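Chemist: This is the structure, below, for whatever I ask next.
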Amino acid sequence: MNNFTITGFADEISPNVSKQIRVLKQNDIRHIEVRGLDGKNISELTLSEAREYKQQFEKAGIVVSSIGSPIGKIKLTDDFAEHLALFKHVLELAVIFESPYVRMFSFYIDDLAKADDYQNEVLERWQQFLEIAKEYPQITLLHENEKDIYGDTPERCLHLLQALNSPQVKAAFDPANFVQCDVEVFPHAYHLLKKHIAYMHIKDARYEDHRVTPAGKGDGQVQNVLEALVADGFSGFASLEPHLSIFDGFADLESGDSIASNEGNGAKLFTVASEALKTILVSEMEQEWK
């Protein structure tokens, strides 16, 4: 499906940026969602370091699709003023990388059974994020439905997005994370959030043990979600976030010609995830041609 541009969290290949670039290109992927570079979290980079990495990406023909930031991935009881300063720094990094998106979260909740009790506090903090982000109109803030944060259910994601009511705040939709929260991904979560989805995270998982799998090998209804997005006119990034370990059936899925034999498991598993997504996309294109 030509509606999707494949990108990914290349730090799951290796901490080493040169290796990240090499494996991305071996998989014919020309975009990256930057999160870890040479073992350093993206938010920890100096502006000078960011410029050096941007030059390295440009030389390799790699474009940044999103900043995979840790913003909002703290407890509500943690120091927010310090975190807000970090957010400002991340926005400056996004400008240097020319990233159209910054991935974010909505805070860990100690007692998820009472998560709704914290909706006003979460909203107030996101309003502060948004107020600062208005100075960077070229950047869209993406809320990811991470497990154990306020917005880990589609209902609370929807509440946050509707309450903020801003074209500068959208959803990064992650099927596996919803599975790990025992939420029905399709049609339930998708239909609630479809008007807000601007970015896809591609990983799958199983309800029975919450174990992450390649796309299409779990219960995340990845193919149905992608089909529905196309039908609804979506065009954008599909970002590989494999989170894979050596799983049952790995040998059957691995393409021996895709990665050199001396590459580590990170590279092999990233390739497995990439090929699983491409299989789904090719299947959909074939259906469209019939």
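Chain lettering (A, B, ...) mirrors the order of the structure tokens, residue numbering begins at 1 for each chain separately, and ligand numbering begins at 1 in order of display.
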Mind running region 165-233 of chain A against region 16-35 of chain A at 12 Å and telling me each contacting residue's nearest atom pair with the distance in Å (one decimal), counting only C-alpha atoms, chain and number ascending, as CSV?

Modeler:
```
residue,atom,partner,partner_atom,distance
A:Tyr199,CA,A:Glu33,CA,11.3
A:Met200,CA,A:Glu33,CA,11.5
A:His201,CA,A:Glu33,CA,10.3
```

Chemist: Excluding region 177-190 of chain A and its own-chain neighbours fewer than 3 positions away, which residues fall within 8 Å of it when counting only C-alpha atoms? Please give them as a list in words.

Modeler: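 So, after excluding close chain neighbours, the residues are Asn145, Glu146, Lys147, Asp152, Thr153, Pro154, Asp174, Leu193, Lys194, Asp204, Ala205, Arg206, Tyr207, His210, Asp219, Gly220, Gln221, Asn224 and Val225 of chain A.
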
Chemist: How many Å separate CA of Val90 (chain A) from CA of Leu47 (chain A)?

Modeler: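 Result for CA of Val90 (chain A) versus CA of Leu47 (chain A): 9.6 Å, one decimal.
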
Chemist: So, counting only C-alpha atoms, which residue among A:His196, A:Ser69, A:Pro214, A:Leu277 is closest to Leu226 (chain A)?

Modeler: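 Ranking A:His196, A:Ser69, A:Pro214, A:Leu277 by distance to Leu226 (chain A), first place goes to A:Leu277.
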
Chemist: Can you pull out every residue from region 55-118 of chain A that DSSP, working from the backbone, puts in alpha helix (DSSP H), and format the result as a list of chain:residue names?

Modeler: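 Output for region 55-118 of chain A, alpha helix (DSSP H) only: A:Gln55, A:Gln56, A:Phe57, A:Glu58, A:Lys59, A:Ala60, A:Phe80, A:Ala81, A:Glu82, A:His83, A:Leu84, A:Ala85, A:Leu86, A:Phe87, A:Lys88, A:His89, A:Val90, A:Leu91, A:Glu92, A:Leu93, A:Ala94, A:Val95, A:Ile96, A:Phe97.
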
Chemist: For Pro15 (chain A), work out the shell of residues within 12 Å, counting only C-alpha atoms and skipping chain neighbours fewer than 4 positions away, then give it as a list in words.

Modeler: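 Near neighbours after the sequence-gap exclusion: Phe9, Ala10, Asp11, Lys19, Gln20, Ile21, Val34, Arg35, Gly36, Leu37, Asp38, Gly39, Lys40, Asn41, Ile42, Gly264, Gly266 and Ala267 of chain A.
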
Chemist: Just write the chosen residues, all heavy atoms, as a CSV table (one decimal), in the first residue's frame.

Modeler:
```csv
chain,number,residue,atom,x,y,z
A,9,PHE,N,12.3,2.4,14.7
A,9,PHE,CA,13.2,2.6,15.8
A,9,PHE,C,14.5,1.8,15.6
A,9,PHE,O,14.6,0.7,16.0
A,9,PHE,CB,12.6,2.2,17.1
A,9,PHE,CG,11.4,3.1,17.5
A,9,PHE,CD1,10.1,2.8,17.1
A,9,PHE,CD2,11.6,4.1,18.4
A,9,PHE,CE1,9.1,3.6,17.5
A,9,PHE,CE2,10.6,4.9,18.8
A,9,PHE,CZ,9.3,4.7,18.4
A,10,ALA,N,15.5,2.4,14.9
A,10,ALA,CA,16.7,1.7,14.5
A,10,ALA,C,17.6,1.4,15.7
A,10,ALA,O,18.5,0.6,15.5
A,10,ALA,CB,17.4,2.5,13.5
A,11,ASP,N,17.3,2.0,16.9
A,11,ASP,CA,18.2,1.6,18.0
A,11,ASP,C,17.9,0.2,18.5
A,11,ASP,O,18.7,-0.4,19.3
A,11,ASP,CB,18.0,2.6,19.2
A,11,ASP,CG,16.6,2.7,19.7
A,11,ASP,OD1,15.6,2.2,19.0
A,11,ASP,OD2,16.3,3.3,20.7
A,19,LYS,N,25.7,1.2,12.3
A,19,LYS,CA,25.0,0.0,12.0
A,19,LYS,C,23.5,0.2,11.8
A,19,LYS,O,22.9,-0.5,11.0
A,19,LYS,CB,25.3,-1.0,13.2
A,19,LYS,CG,24.8,-2.4,12.9
A,19,LYS,CD,25.2,-3.3,14.0
A,19,LYS,CE,24.6,-4.7,13.8
A,19,LYS,NZ,25.1,-5.7,14.9
A,20,GLN,N,22.9,1.1,12.6
A,20,GLN,CA,21.5,1.4,12.3
A,20,GLN,C,21.3,1.8,10.9
A,20,GLN,O,20.4,1.3,10.2
A,20,GLN,CB,21.1,2.5,13.3
A,20,GLN,CG,21.1,2.2,14.8
A,20,GLN,CD,20.6,3.4,15.6
A,20,GLN,OE1,20.0,4.3,15.1
A,20,GLN,NE2,21.0,3.3,16.9
A,21,ILE,N,22.1,2.7,10.4
A,21,ILE,CA,22.0,3.2,9.0
A,21,ILE,C,22.2,2.1,8.0
A,21,ILE,O,21.4,1.9,7.1
A,21,ILE,CB,23.0,4.3,8.8
A,21,ILE,CG1,22.6,5.6,9.6
A,21,ILE,CG2,23.0,4.7,7.3
A,21,ILE,CD1,23.6,6.7,9.5
A,34,VAL,N,14.1,8.5,15.6
A,34,VAL,CA,15.3,8.5,16.4
A,34,VAL,C,14.9,8.5,17.9
A,34,VAL,O,14.1,9.2,18.4
A,34,VAL,CB,16.2,9.7,16.1
A,34,VAL,CG1,16.9,9.6,14.8
A,34,VAL,CG2,15.4,11.0,16.1
A,35,ARG,N,15.5,7.5,18.6
A,35,ARG,CA,15.3,7.4,20.0
A,35,ARG,C,16.6,7.2,20.8
A,35,ARG,O,16.9,7.8,21.8
A,35,ARG,CB,14.4,6.2,20.3
A,35,ARG,CG,14.1,5.9,21.8
A,35,ARG,CD,13.1,4.8,21.9
A,35,ARG,NE,13.6,3.5,21.3
A,35,ARG,CZ,12.9,2.4,21.1
A,35,ARG,NH1,11.6,2.4,21.5
A,35,ARG,NH2,13.4,1.4,20.6
A,36,GLY,N,17.5,6.3,20.3
A,36,GLY,CA,18.8,6.0,20.9
A,36,GLY,C,19.9,6.1,19.8
A,36,GLY,O,19.8,5.4,18.8
A,37,LEU,N,20.9,6.9,20.0
A,37,LEU,CA,22.0,7.1,19.1
A,37,LEU,C,23.3,6.9,19.8
A,37,LEU,O,23.6,7.6,20.7
A,37,LEU,CB,21.9,8.5,18.5
A,37,LEU,CG,20.7,8.8,17.7
A,37,LEU,CD1,20.7,10.3,17.3
A,37,LEU,CD2,20.5,7.9,16.5
A,38,ASP,N,24.0,5.8,19.4
A,38,ASP,CA,25.3,5.4,20.1
A,38,ASP,C,25.1,5.3,21.6
A,38,ASP,O,26.0,5.7,22.4
A,38,ASP,CB,26.4,6.5,19.7
A,38,ASP,CG,26.8,6.4,18.3
A,38,ASP,OD1,26.8,5.2,17.7
A,38,ASP,OD2,27.1,7.4,17.6
A,39,GLY,N,24.0,4.7,22.0
A,39,GLY,CA,23.8,4.4,23.4
A,39,GLY,C,23.2,5.6,24.2
A,39,GLY,O,23.1,5.5,25.4
A,40,LYS,N,22.9,6.7,23.5
A,40,LYS,CA,22.5,7.9,24.2
A,40,LYS,C,21.0,8.2,23.9
A,40,LYS,O,20.7,8.2,22.7
A,40,LYS,CB,23.4,9.1,23.9
A,40,LYS,CG,23.4,10.2,24.8
A,40,LYS,CD,24.5,11.2,24.4
A,40,LYS,CE,24.6,12.3,25.4
A,40,LYS,NZ,25.7,13.3,25.1
A,41,ASN,N,20.2,8.4,24.8
A,41,ASN,CA,18.8,8.7,24.5
A,41,ASN,C,18.7,10.1,23.8
A,41,ASN,O,19.5,11.0,24.0
A,41,ASN,CB,18.0,8.8,25.8
A,41,ASN,CG,16.5,9.1,25.5
A,41,ASN,OD1,16.1,10.2,25.4
A,41,ASN,ND2,15.7,8.0,25.4
A,42,ILE,N,17.8,10.2,22.8
A,42,ILE,CA,17.7,11.3,22.0
A,42,ILE,C,17.6,12.6,22.8
A,42,ILE,O,18.1,13.7,22.5
A,42,ILE,CB,16.5,11.2,21.0
A,42,ILE,CG1,16.4,12.4,20.1
A,42,ILE,CG2,15.2,11.0,21.8
A,42,ILE,CD1,17.5,12.5,19.1
A,264,GLY,N,24.3,-9.1,14.5
A,264,GLY,CA,23.7,-9.6,15.7
A,264,GLY,C,22.2,-9.8,15.6
A,264,GLY,O,21.6,-9.5,14.6
A,266,GLY,N,19.8,-8.2,16.9
A,266,GLY,CA,19.0,-7.0,16.7
A,266,GLY,C,18.7,-6.7,15.3
A,266,GLY,O,17.6,-6.4,14.9
A,267,ALA,N,19.8,-6.8,14.5
A,267,ALA,CA,19.6,-6.6,13.0
A,267,ALA,C,18.7,-7.7,12.4
A,267,ALA,O,17.9,-7.4,11.6
A,267,ALA,CB,21.0,-6.6,12.4
```

Chemist: Name all residues at most 12 Å from Ser43 (chain A) (count only C-alpha atoms; drop same-chain ones fewer than 5 positions away) and give them as a list of chain:residue names.

Modeler: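 The residues satisfying every condition are A:Val34, A:Arg35, A:Gly36, A:Leu37, A:Glu49, A:Ala50, A:Ile67, A:Gly68, A:Ser69, A:Pro70, A:Ile71, A:His83, A:Ala85, A:Leu86, A:Phe87, A:Lys88, A:His89, A:Val90, A:Leu91, A:Glu92, A:Leu93, A:Ala94, A:Val102, A:Arg103, A:Met104.
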
Chemist: So what do you get for CA of Leu142 (chain A) versus CA of Ala228 (chain A), distance-wise?

Modeler: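 We find that CA of Leu142 (chain A) and CA of Ala228 (chain A) lie 19.9 Å from each other.
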
Chemist: Taking only region 161-215 of chain A into account, list the residues labelled strand (DSSP E or B) by DSSP (computed from the backbone), as a list of chain:residue names.

Modeler: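 So the strand (DSSP E or B) residues in region 161-215 of chain A would be A:Val169, A:Lys170, A:Ala171, A:Ala172, A:Phe173, A:Ile197, A:Ala198, A:Tyr199, A:Met200, A:His201, A:Ile202, A:Asp204, A:Ala205, A:Val212, A:Thr213.
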
Chemist: Please determine, counting only C-alpha atoms, which residue among A:Leu269, A:Val64, A:Ile149, A:Phe105 has the shortest atom-to-atom distance to Thr7 (chain A).

Modeler: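 Residue with the minimum atom-to-atom distance to Thr7 (chain A): A:Val64.
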
Chemist: Could you check how far CA of Ala215 (chain A) sits from CA of Thr279 (chain A), in Å to one decimal?

Modeler: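 Between CA of Ala215 (chain A) and CA of Thr279 (chain A) the gap works out to 9.2 Å.
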
Chemist: Counting only C-alpha atoms, which residue out of A:Glu275, A:Asn2, A:Leu192, A:Phe237 sits closest to Gln162 (chain A)?

Modeler: A:Leu192

Chemist: Might you pull out every residue within 10 Å of Asp111 (chain A), with only C-alpha atoms counted and same-chain residues fewer than 6 positions away left off, and present them as number ranges by chain?

Modeler: A: 117-118, 148-150

Chemist: List the spatial neighbours of Ser235 (chain A) as a list in words - criterion: any atom at most 10 Å away, only C-alpha atoms, same-chain residues fewer than 6 positions off excluded.

Modeler: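 Contacts, in chain order: Met1, Asn2, Asn3, Phe4, Thr5, Ala198, Tyr199 and Leu229 of chain A.
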
Chemist: Restrict the selected residues to N, CA and C atoms and save them as a compact mmCIF listing (two decimals), in the first residue's frame.

Modeler:
```txt
# COMPACT_ATOMS: atom_id res chain seq x y z
N MET A 1 0.85 -1.19 0.00
CA MET A 1 0.00 0.00 0.00
C MET A 1 0.88 1.23 0.00
N ASN A 2 0.78 2.02 -1.04
CA ASN A 2 1.61 3.20 -1.16
C ASN A 2 1.26 4.29 -0.17
N ASN A 3 0.20 4.09 0.60
CA ASN A 3 -0.19 5.06 1.62
C ASN A 3 0.81 5.14 2.75
N PHE A 4 1.66 4.12 2.90
CA PHE A 4 2.54 4.04 4.06
C PHE A 4 4.00 4.19 3.66
N THR A 5 4.71 5.02 4.41
CA THR A 5 6.16 5.14 4.30
C THR A 5 6.76 4.44 5.52
N ALA A 198 -2.34 9.91 13.28
CA ALA A 198 -1.45 10.54 12.31
C ALA A 198 -0.21 9.70 12.05
N TYR A 199 -0.04 8.62 12.82
CA TYR A 199 1.23 7.88 12.77
C TYR A 199 0.96 6.48 13.31
N LEU A 229 -7.25 2.21 7.64
CA LEU A 229 -6.61 3.51 7.47
C LEU A 229 -6.61 3.93 6.00
```
